[in-house]
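Enquirer: Below is the structure I would like to discuss, written out as structure tokens.
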Amino acid sequence: MLGEGILKGLAETARNFFGSYFSAERLTTVEYPEQRIAPFEAARVFPFLVYDGTDWQAGLRCVSCQICEKECPPKCIYIEKSKDKKPDALGKPQFYPARFDIDISVCMSCQICVEVCPFEAIKMNTEFELSTNDRFGGLLLDREQLAKSNQYYHEIHATEAAEVDARLAAEKARVAAKATSIAAARAGEGA
Amino acid sequence: MNPSQGDSSIIAQRPEGLPPRTPIEPQSEGELLEIAMGPHHPSTHGVFRMDVTLDGERVVRLKPVFGYLHRNHEKIAESVSYLASMPYTDRLDYLCPLTNNWAYALAVEKLIGQEVPERAEYLRVILGELTRFQNHASSIGFLIQEMGASGTPLMYAFRAREKILDLFEELTGARMMVNYMRFGGCRVDASSAWLDRTRKVVANLPMFVDEFERLLCSNEILMARTQGVGVLRPELAINAGVTGPMLRASGVNYDVRKVDGYGIYNRFNFRVPLGDHWDVYDRFMVRLLEMKESLKILEVALKEIPGGPVMDSKAKIRGLRPKPGEAYGRIESPKGELGFYLISDGGPNPYRYRVRPPSLINLTILEDMCLGHDVADVVLIFGSVDIILGEVDR
């Protein structure tokens with residue numbers, strides 16, 4: 001019969017329409033500004049710099065090695081290396097970024113900077129409401145705006161941050177063990 | 001083509017057809033009308049122009065004009081490292097970034113002779129087939145939308161796609177710009193919780209396909225608009241290099257998954273849907289059947305996925321300097337054969353980087369399919385090609 005197929009299709013839409021009153025599965029959207037869906041743990045938007053402790057200038061993990069600057073595909077990272085050195089988390093004197101800017105109007109959230117960083121210093125943020133009136137200065141983040149505490153990192157990527165902390169603690173223990181063994185050897189030589 | 005594939009194909013069936021439409025008689029008196037459909041026509045999925053010459057309602061000439069979304073993809077890739085091109089490939093066919101990643105990773109792996117661990121191969125198949133499913137679902141949705149059913153089937157397709165995109169985001173961190181695959185595996189491992197959720201989503205997808213089938217397949221308006229429209233003869237399709245569902249809807253049994261058996265596809269048992277009327281309806285049906293076959297592969301892959309690493313421990317990601325040579329990696333992306341051709345001169349970036357985009361090559365025969373049809377059918381035929389402008393213009 002002509003029109004049978006259309007009626008069959010309409011039955012399907014009717015089932016969906018009435019079904020949406022009973023099954024939450026059929027509703028996938030939320031009313032955004034009022035209701036929010038929590039971001040996934042792996043979610044990524046733009047990078048930020050991690051610092052240990054409470055003082056961002058003292059605790060910044062970045063040693064200004066500039067690998068991320070070189071590897072960044074759209075070249076949105078600008079780093080100026082410091083002239084002097086200051087002790088890092090392991091107590092070794094290291095350079096630090098005198099200037100670290102990320103132009104998030106250029107950044108394409110690919111996470112390659114995070115992957116190549118050997119110091120676990122740069123991670124991905126999940127904050128996405130970043131609109132601003134100033135499209136040039138407002139979207140060029142300097143190191144003060146980029147610096148976020150390790151605690152914040154734990155809040156947004158709990159599992160990943162715990163793994164990173166374990167890795168860093170192991171590294172620190174290894175360095176400390178090496179230092180004590182060297183010190184012991186030196187003490188033995190002296191005696 | 002391998003003749004042994006004959007038994008693994010299925011022919012797309014169609015319900016009792018309607019009487020053929022009487023073609024509009026050409027109006028010989030009067031002038032030809034040239035109109036530019038696009039670049040901002042709502043049916044063109046982006047910025048694409050068709051210069052159509054009309055005799056009354058009938059198309060006598062059609063010239064596709066590409067290039068509005070040209071972003072210099074190949075030249076950029078030649079000036080950055082091998083790793084840095086990976087996120088750019090996401091932006092080619094932005095509906096299916098994971099298959100683009102896969103094709104590029106495959107090409108580089110061939111170039112440097114890199115092995116991929118078993119688990120990563122399974123993950124790639126799972127993600128590739130999920131990508132195929134969501135691409136076909138939304139492309140059918142868009143096709144019906146262009147026919148005038150504004151919204152309903154497209155929204156149903158997007159509801160299913162949303163669940164798949166959530167899986168992508170959970171695993172890779174992004175819904176579309178995933179940047180997930182690496183030379184020698186995948187970037188992060190899938191947790192068992194993710195695999196369980198994927199099994200659950202995949203178990204619900206057949207319901208969606210059945211719903212789609214009941215909603216659309218026997219719809220008289222759809223049949224009247226699509227059957228006998230935009231016929232693409234197999235000879236022309238082969239000569240023009242058309243691949244993917246387009247070619248299979250023209251009755252040619254050619255699927256790179258079967259022919260090449262890249263990755264681990266030769267372990268899976270699936271059929272290749274073929275069309276025997278070569279028209280828009282066949283392209284629609286072939287996509288629908290391919291979704292079902294994808295689900296079959298997914299079920300098996302999710303059951304069989306082994307443990308182990310997802311990244312070859314010897315794989316080098318940063319500072320790749322392949323030996324001088326060339327490699328061509330190709331996969332069956334949802335739109336057709338997607339290939340990456342790389343030439344290395346031993347430097348840190350490719351000497352030549354070339355993409356074989358299925359969308360562009362499938363689009364070249366648009367005029368041959370549209371000639372003699374009404375201007376309203378042009379929109380439909382164009383929709384049935386299933387292109388993404390990001391891949392056409394690169």
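Convention: chains lettered A, B, ... in structure tokens order; per-chain residue numbering from 1; ligands numbered from 1 as shown.
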Hey, what's within 12 Å of B:Glu169 if we count only C-alpha atoms and toss same-chain stuff fewer than 6 positions away? As a list in words, please?
Expert: Pro39, Phe40, Glu41, Ala42, Ala43, Arg44 and Val45 of chain A; Leu98, Leu127, Glu162, Lys163, Arg175, Met176, Met177, Val178, Asn179, Tyr180, Ala190 and Trp194 of chain B
Enquirer: Could the residues in this selection be saved with N, CA and C atoms as a CSV table (one decimal), in the first residue's frame?
Expert:
```csv
chain,number,residue,atom,x,y,z
A,39,PRO,N,33.5,17.2,33.0
A,39,PRO,CA,34.4,16.8,32.0
A,39,PRO,C,35.0,15.4,32.3
A,40,PHE,N,35.4,14.7,31.2
A,40,PHE,CA,36.1,13.4,31.4
A,40,PHE,C,37.5,13.7,32.0
A,41,GLU,N,38.0,12.7,32.6
A,41,GLU,CA,39.3,12.9,33.2
A,41,GLU,C,40.4,13.1,32.2
A,42,ALA,N,40.2,12.5,31.0
A,42,ALA,CA,41.2,12.6,30.0
A,42,ALA,C,41.0,13.9,29.2
A,43,ALA,N,40.0,14.7,29.5
A,43,ALA,CA,39.7,15.9,28.7
A,43,ALA,C,40.8,16.8,28.7
A,44,ARG,N,41.0,17.5,27.5
A,44,ARG,CA,42.1,18.5,27.5
A,44,ARG,C,41.6,19.7,26.7
A,45,VAL,N,42.0,20.9,27.2
A,45,VAL,CA,41.7,22.1,26.4
A,45,VAL,C,43.0,22.8,26.1
B,98,LEU,N,40.0,9.4,13.7
B,98,LEU,CA,40.8,8.3,14.1
B,98,LEU,C,41.3,7.5,12.9
B,127,LEU,N,38.4,1.4,17.3
B,127,LEU,CA,38.2,2.8,17.1
B,127,LEU,C,37.8,3.1,15.6
B,162,GLU,N,26.7,10.7,19.4
B,162,GLU,CA,27.1,11.3,20.7
B,162,GLU,C,27.7,10.3,21.7
B,163,LYS,N,27.1,9.1,21.7
B,163,LYS,CA,27.6,8.1,22.6
B,163,LYS,C,29.0,7.6,22.2
B,175,ARG,N,36.8,15.1,21.6
B,175,ARG,CA,35.7,14.4,20.8
B,175,ARG,C,36.1,14.2,19.4
B,176,MET,N,36.7,15.2,18.8
B,176,MET,CA,37.0,15.1,17.4
B,176,MET,C,38.5,15.2,17.1
B,177,MET,N,39.2,16.2,17.7
B,177,MET,CA,40.6,16.3,17.3
B,177,MET,C,41.4,15.5,18.3
B,178,VAL,N,41.4,14.2,18.0
B,178,VAL,CA,41.9,13.2,19.0
B,178,VAL,C,43.4,13.1,19.1
B,179,ASN,N,44.1,13.1,18.0
B,179,ASN,CA,45.6,13.0,18.1
B,179,ASN,C,46.0,11.8,18.9
B,180,TYR,N,45.5,10.6,18.5
B,180,TYR,CA,45.6,9.5,19.4
B,180,TYR,C,46.6,8.5,18.9
B,190,ALA,N,43.6,1.8,26.8
B,190,ALA,CA,42.2,1.8,27.2
B,190,ALA,C,42.1,1.0,28.5
B,194,TRP,N,36.8,1.4,30.3
B,194,TRP,CA,36.4,1.9,29.0
B,194,TRP,C,35.9,0.8,28.1
```
Enquirer: Using only C-alpha atoms, which chain A residues lie at most 7 Å away from chain B, written as number ranges by chain?
Expert: A: 3, 5-6, 8-9, 12, 28, 40, 42-44, 71, 73, 110
Enquirer: Can those selected residues be exported to a file as a compact mmCIF listing (two decimals), in the first residue's frame so that it contains N, CA and C atoms?
Expert:
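Dumped everything to out20.txt:
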```txt
# COMPACT_ATOMS: atom_id res chain seq x y z
N GLY A 3 2.19 4.64 1.00
CA GLY A 3 2.09 5.40 2.24
C GLY A 3 2.36 4.56 3.47
N GLY A 5 5.04 2.84 4.21
CA GLY A 5 6.39 3.09 4.71
C GLY A 5 6.46 4.37 5.52
N ILE A 6 5.73 5.39 5.07
CA ILE A 6 5.73 6.66 5.79
C ILE A 6 5.09 6.48 7.16
N LYS A 8 4.90 3.74 8.87
CA LYS A 8 5.81 2.97 9.71
C LYS A 8 6.88 3.88 10.32
N GLY A 9 7.40 4.80 9.50
CA GLY A 9 8.40 5.74 9.99
C GLY A 9 7.84 6.66 11.05
N GLU A 12 7.72 5.22 14.37
CA GLU A 12 9.05 5.25 15.00
C GLU A 12 9.29 6.59 15.69
N THR A 28 19.85 13.21 25.47
CA THR A 28 21.31 13.27 25.59
C THR A 28 21.80 14.66 25.90
N PHE A 40 35.39 14.68 31.23
CA PHE A 40 36.08 13.40 31.43
C PHE A 40 37.47 13.66 31.99
N ALA A 42 40.22 12.48 31.05
CA ALA A 42 41.24 12.65 30.01
C ALA A 42 41.04 13.93 29.21
N ALA A 43 39.97 14.68 29.49
CA ALA A 43 39.66 15.85 28.67
C ALA A 43 40.82 16.84 28.66
N ARG A 44 40.98 17.51 27.54
CA ARG A 44 42.07 18.48 27.46
C ARG A 44 41.60 19.70 26.69
N GLU A 71 58.78 21.42 19.47
CA GLU A 71 57.91 20.37 18.96
C GLU A 71 56.49 20.86 18.68
N PRO A 73 53.37 21.90 17.10
CA PRO A 73 53.08 21.99 15.66
C PRO A 73 52.71 23.39 15.19
N CYS A 110 46.69 19.86 21.04
CA CYS A 110 47.07 18.53 20.57
C CYS A 110 47.80 17.73 21.62
```
Enquirer: Taking the backbone alone, and naming residues the way the document does, which bits of chain A are alpha helix (DSSP H) by DSSP, as JSON, numbers by chain?
Expert: {"A": [4, 5, 6, 7, 8, 9, 10, 11, 12, 13, 14, 15, 16, 17, 18, 19, 20, 21, 22, 56, 57, 58, 59, 67, 68, 69, 70, 71, 112, 113, 114, 115, 116, 143, 144, 145, 146, 150, 151, 152, 153, 154, 155, 156, 158, 159, 160, 161, 162, 163, 164, 165, 166, 167, 168, 169, 170, 171, 172, 173, 174, 175, 176, 177, 178, 179, 180, 181, 182, 183, 184, 185, 186, 187, 188, 189, 190]}
Enquirer: Write out as a list in words which residues come within 10 Å of stretch 61-65 of chain B when counting only C-alpha atoms, dropping same-chain ones fewer than 3 positions away.
Expert: Glu34, Ile35, Ala36, Met37, Gly38, Pro39, Val47, Phe48, Arg49, Met50, Asp51, Val52, Thr53, Leu54, Asp55, Arg58, Tyr68, Leu363, Thr364, Ile365, Leu366, Glu367, Asp368, Met369, Cys370, Leu371, Gly372 and Val378 of chain B
Enquirer: What parts of stretch 56-85 of chain B does DSSP call strand (DSSP E or B)? I'd like the answer as a PyMOL selection string.
Expert: chain B and resi 58-65
Enquirer: Tell me, as a tab-separated table (two decimals) with N, CA and C atoms, in the first residue's frame, which residues lie within 9 Å of B:Pro306, counting only C-alpha atoms; anything in the same chain fewer than 2 positions away does not count.
Expert:
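Listed below is the output, result.tsv:
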```tsv
chain	number	residue	atom	x	y	z
B	118	GLU	N	50.02	-6.15	19.52
B	118	GLU	CA	48.71	-6.77	19.27
B	118	GLU	C	47.54	-5.93	19.82
B	119	ARG	N	47.69	-5.52	21.07
B	119	ARG	CA	46.58	-4.79	21.70
B	119	ARG	C	46.29	-3.49	20.96
B	122	TYR	N	44.23	-4.16	17.90
B	122	TYR	CA	42.81	-4.36	18.22
B	122	TYR	C	42.14	-3.03	18.54
B	303	LYS	N	35.61	-8.74	22.06
B	303	LYS	CA	35.69	-9.99	22.81
B	303	LYS	C	37.13	-10.48	22.85
B	304	GLU	N	37.84	-10.32	21.73
B	304	GLU	CA	39.15	-10.96	21.59
B	304	GLU	C	40.32	-10.08	22.03
B	308	GLY	N	48.42	-6.48	27.33
B	308	GLY	CA	49.75	-6.15	26.86
B	308	GLY	C	49.92	-4.67	26.63
```
Enquirer: Rank B:Asp374, B:Asp393, B:Asp189, B:Asp345 by their smallest atom-to-atom distance to B:Glu74, using only C-alpha atoms, and report the top residue only.
Expert: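 Closest residue, counting only C-alpha atoms: B:Asp393.
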Enquirer: Check which residues of stretch 161-255 of chain B sit at most 9 Å from stretch 353-361 of chain B using only C-alpha atoms, and return one row each with the closest pair of atoms and their distance in Å to one decimal, ordered by chain and rising number, as a tab-separated table.
Expert:
```
residue	atom	partner	partner_atom	distance
B:Ala240	CA	B:Ile361	CA	7.5
B:Gly241	CA	B:Ile361	CA	6.7
B:Val242	CA	B:Ile361	CA	6.1
B:Thr243	CA	B:Pro358	CA	6.7
B:Gly244	CA	B:Pro358	CA	7.7
```
Enquirer: Can those selected residues be exported to a file as a PDB file, in the first residue's frame so that it contains N, CA and C atoms?
Expert:
```pdb
ATOM      1  N   ALA B 240      37.392   6.445 -12.839  1.00  0.00           N
ATOM      2  CA  ALA B 240      37.604   7.709 -12.146  1.00  0.00           C
ATOM      3  C   ALA B 240      38.325   7.513 -10.823  1.00  0.00           C
ATOM      4  N   GLY B 241      38.570   6.277 -10.420  1.00  0.00           N
ATOM      5  CA  GLY B 241      39.274   6.038  -9.163  1.00  0.00           C
ATOM      6  C   GLY B 241      38.402   6.209  -7.950  1.00  0.00           C
ATOM      7  N   VAL B 242      37.096   6.116  -8.127  1.00  0.00           N
ATOM      8  CA  VAL B 242      36.179   6.239  -6.989  1.00  0.00           C
ATOM      9  C   VAL B 242      36.375   5.041  -6.066  1.00  0.00           C
ATOM     10  N   THR B 243      36.335   5.274  -4.769  1.00  0.00           N
ATOM     11  CA  THR B 243      36.491   4.176  -3.806  1.00  0.00           C
ATOM     12  C   THR B 243      35.438   4.293  -2.717  1.00  0.00           C
ATOM     13  N   GLY B 244      35.447   3.321  -1.841  1.00  0.00           N
ATOM     14  CA  GLY B 244      34.576   3.375  -0.671  1.00  0.00           C
ATOM     15  C   GLY B 244      33.146   2.971  -0.989  1.00  0.00           C
TER      16      GLY B 244
END
```
Enquirer: Near stretch 148-162 of chain A, within 6 Å and counting only C-alpha atoms, which residues show up once chain neighbours fewer than 4 positions away are dropped, as an MDAnalysis selection string?
Expert: chainID A and resid 41 49:52
Enquirer: Could you please take those selected residues and save N, CA and C atoms as a PDB file, in the first residue's frame?
Expert:
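Result file is part19.pdb:
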```
ATOM      1  N   GLU A  41      38.004  12.658  32.637  1.00  0.00           N
ATOM      2  CA  GLU A  41      39.308  12.859  33.248  1.00  0.00           C
ATOM      3  C   GLU A  41      40.381  13.103  32.203  1.00  0.00           C
ATOM      4  N   LEU A  49      51.164  25.300  33.298  1.00  0.00           N
ATOM      5  CA  LEU A  49      52.442  24.917  33.899  1.00  0.00           C
ATOM      6  C   LEU A  49      52.213  24.493  35.340  1.00  0.00           C
ATOM      7  N   VAL A  50      52.821  23.384  35.732  1.00  0.00           N
ATOM      8  CA  VAL A  50      52.622  22.872  37.089  1.00  0.00           C
ATOM      9  C   VAL A  50      53.719  23.424  37.995  1.00  0.00           C
ATOM     10  N   TYR A  51      53.347  23.850  39.218  1.00  0.00           N
ATOM     11  CA  TYR A  51      54.362  24.191  40.213  1.00  0.00           C
ATOM     12  C   TYR A  51      54.112  23.420  41.497  1.00  0.00           C
ATOM     13  N   ASP A  52      55.184  23.070  42.168  1.00  0.00           N
ATOM     14  CA  ASP A  52      55.078  22.386  43.461  1.00  0.00           C
ATOM     15  C   ASP A  52      55.035  23.431  44.567  1.00  0.00           C
TER      16      ASP A  52
END
```
Enquirer: I'd like the contact shell of stretch 261-270 of chain B - 10 Å cut-off, only C-alpha atoms, skipping same-chain residues fewer than 4 positions apart - returned as a list in words.
Expert: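 Within the cut-off, the hits are Ser8, Ser9, Trp102, Leu106, Val116, Glu118, Ala120, Glu121, Tyr122, Arg124, Val125, Asp255, Val256, Arg257, Glu290, Lys292, Glu293, Ser294, Leu295, Lys296, Ile297, Leu298, Val300, Ala301, Gly329, Arg330, Ile331 and Glu332 of chain B.
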Enquirer: For the selection you just gave me, I'd like the residues written to a file as a compact mmCIF listing (two decimals), in the first residue's frame, keeping N, CA and C atoms.
Expert:
```
# COMPACT_ATOMS: atom_id res chain seq x y z
N SER B 8 31.79 -13.38 0.01
CA SER B 8 31.70 -12.58 1.23
C SER B 8 30.98 -11.27 1.01
N SER B 9 30.23 -11.17 -0.09
CA SER B 9 29.54 -9.90 -0.34
C SER B 9 28.04 -10.12 -0.22
N TRP B 102 45.16 6.77 11.74
CA TRP B 102 45.59 5.40 11.45
C TRP B 102 46.35 5.34 10.13
N LEU B 106 50.17 4.37 9.74
CA LEU B 106 50.50 3.21 8.91
C LEU B 106 51.59 3.56 7.91
N VAL B 116 53.68 -3.01 15.36
CA VAL B 116 52.66 -2.50 16.27
C VAL B 116 52.23 -3.65 17.18
N GLU B 118 50.02 -6.15 19.52
CA GLU B 118 48.71 -6.77 19.27
C GLU B 118 47.54 -5.93 19.82
N ALA B 120 47.35 -2.83 20.50
CA ALA B 120 47.16 -1.58 19.78
C ALA B 120 46.43 -1.83 18.46
N GLU B 121 46.74 -2.96 17.81
CA GLU B 121 46.05 -3.29 16.56
C GLU B 121 44.56 -3.47 16.81
N TYR B 122 44.23 -4.16 17.90
CA TYR B 122 42.81 -4.36 18.22
C TYR B 122 42.14 -3.03 18.54
N ARG B 124 42.95 -0.17 17.44
CA ARG B 124 42.78 0.57 16.20
C ARG B 124 41.57 0.08 15.43
N VAL B 125 41.38 -1.23 15.40
CA VAL B 125 40.21 -1.76 14.69
C VAL B 125 38.93 -1.30 15.39
N ASP B 255 37.16 -3.51 -1.33
CA ASP B 255 37.25 -2.96 0.01
C ASP B 255 38.69 -3.14 0.44
N VAL B 256 39.37 -2.05 0.78
CA VAL B 256 40.80 -2.15 1.10
C VAL B 256 41.01 -3.06 2.30
N ARG B 257 40.02 -3.14 3.18
CA ARG B 257 40.15 -4.05 4.33
C ARG B 257 40.29 -5.49 3.87
N GLU B 290 26.78 -1.49 5.81
CA GLU B 290 28.16 -1.44 6.33
C GLU B 290 28.18 -1.18 7.82
N LYS B 292 26.04 -2.31 9.88
CA LYS B 292 25.78 -3.61 10.53
C LYS B 292 27.03 -4.48 10.53
N GLU B 293 27.77 -4.46 9.41
CA GLU B 293 28.99 -5.26 9.34
C GLU B 293 30.03 -4.74 10.34
N SER B 294 30.09 -3.42 10.48
CA SER B 294 31.02 -2.83 11.45
C SER B 294 30.71 -3.34 12.85
N LEU B 295 29.41 -3.44 13.16
CA LEU B 295 29.04 -3.91 14.49
C LEU B 295 29.51 -5.33 14.71
N LYS B 296 29.45 -6.15 13.63
CA LYS B 296 29.92 -7.53 13.75
C LYS B 296 31.41 -7.55 14.09
N ILE B 297 32.19 -6.74 13.36
CA ILE B 297 33.63 -6.69 13.62
C ILE B 297 33.88 -6.21 15.05
N LEU B 298 33.12 -5.18 15.46
CA LEU B 298 33.31 -4.62 16.79
C LEU B 298 33.09 -5.66 17.87
N VAL B 300 33.38 -8.89 17.77
CA VAL B 300 34.47 -9.86 17.84
C VAL B 300 35.72 -9.21 18.43
N ALA B 301 36.03 -8.01 17.95
CA ALA B 301 37.26 -7.35 18.41
C ALA B 301 37.20 -7.06 19.90
N GLY B 329 50.94 4.28 2.73
CA GLY B 329 50.06 3.56 3.65
C GLY B 329 48.63 3.89 3.29
N ARG B 330 47.80 2.87 3.14
CA ARG B 330 46.41 3.15 2.78
C ARG B 330 45.48 2.33 3.64
N ILE B 331 44.34 2.91 3.95
CA ILE B 331 43.33 2.19 4.71
C ILE B 331 41.97 2.44 4.08
N GLU B 332 40.99 1.67 4.49
CA GLU B 332 39.63 1.90 4.06
C GLU B 332 39.00 2.85 5.07
```
Enquirer: Could you list, as a PyMOL selection string, every residue within 9 Å of B:Met246, counting only C-alpha atoms and ignoring same-chain residues fewer than 4 positions away?
Expert: chain B and resi 232+237+242+250+278+282-283+286+335-336+362+384-386
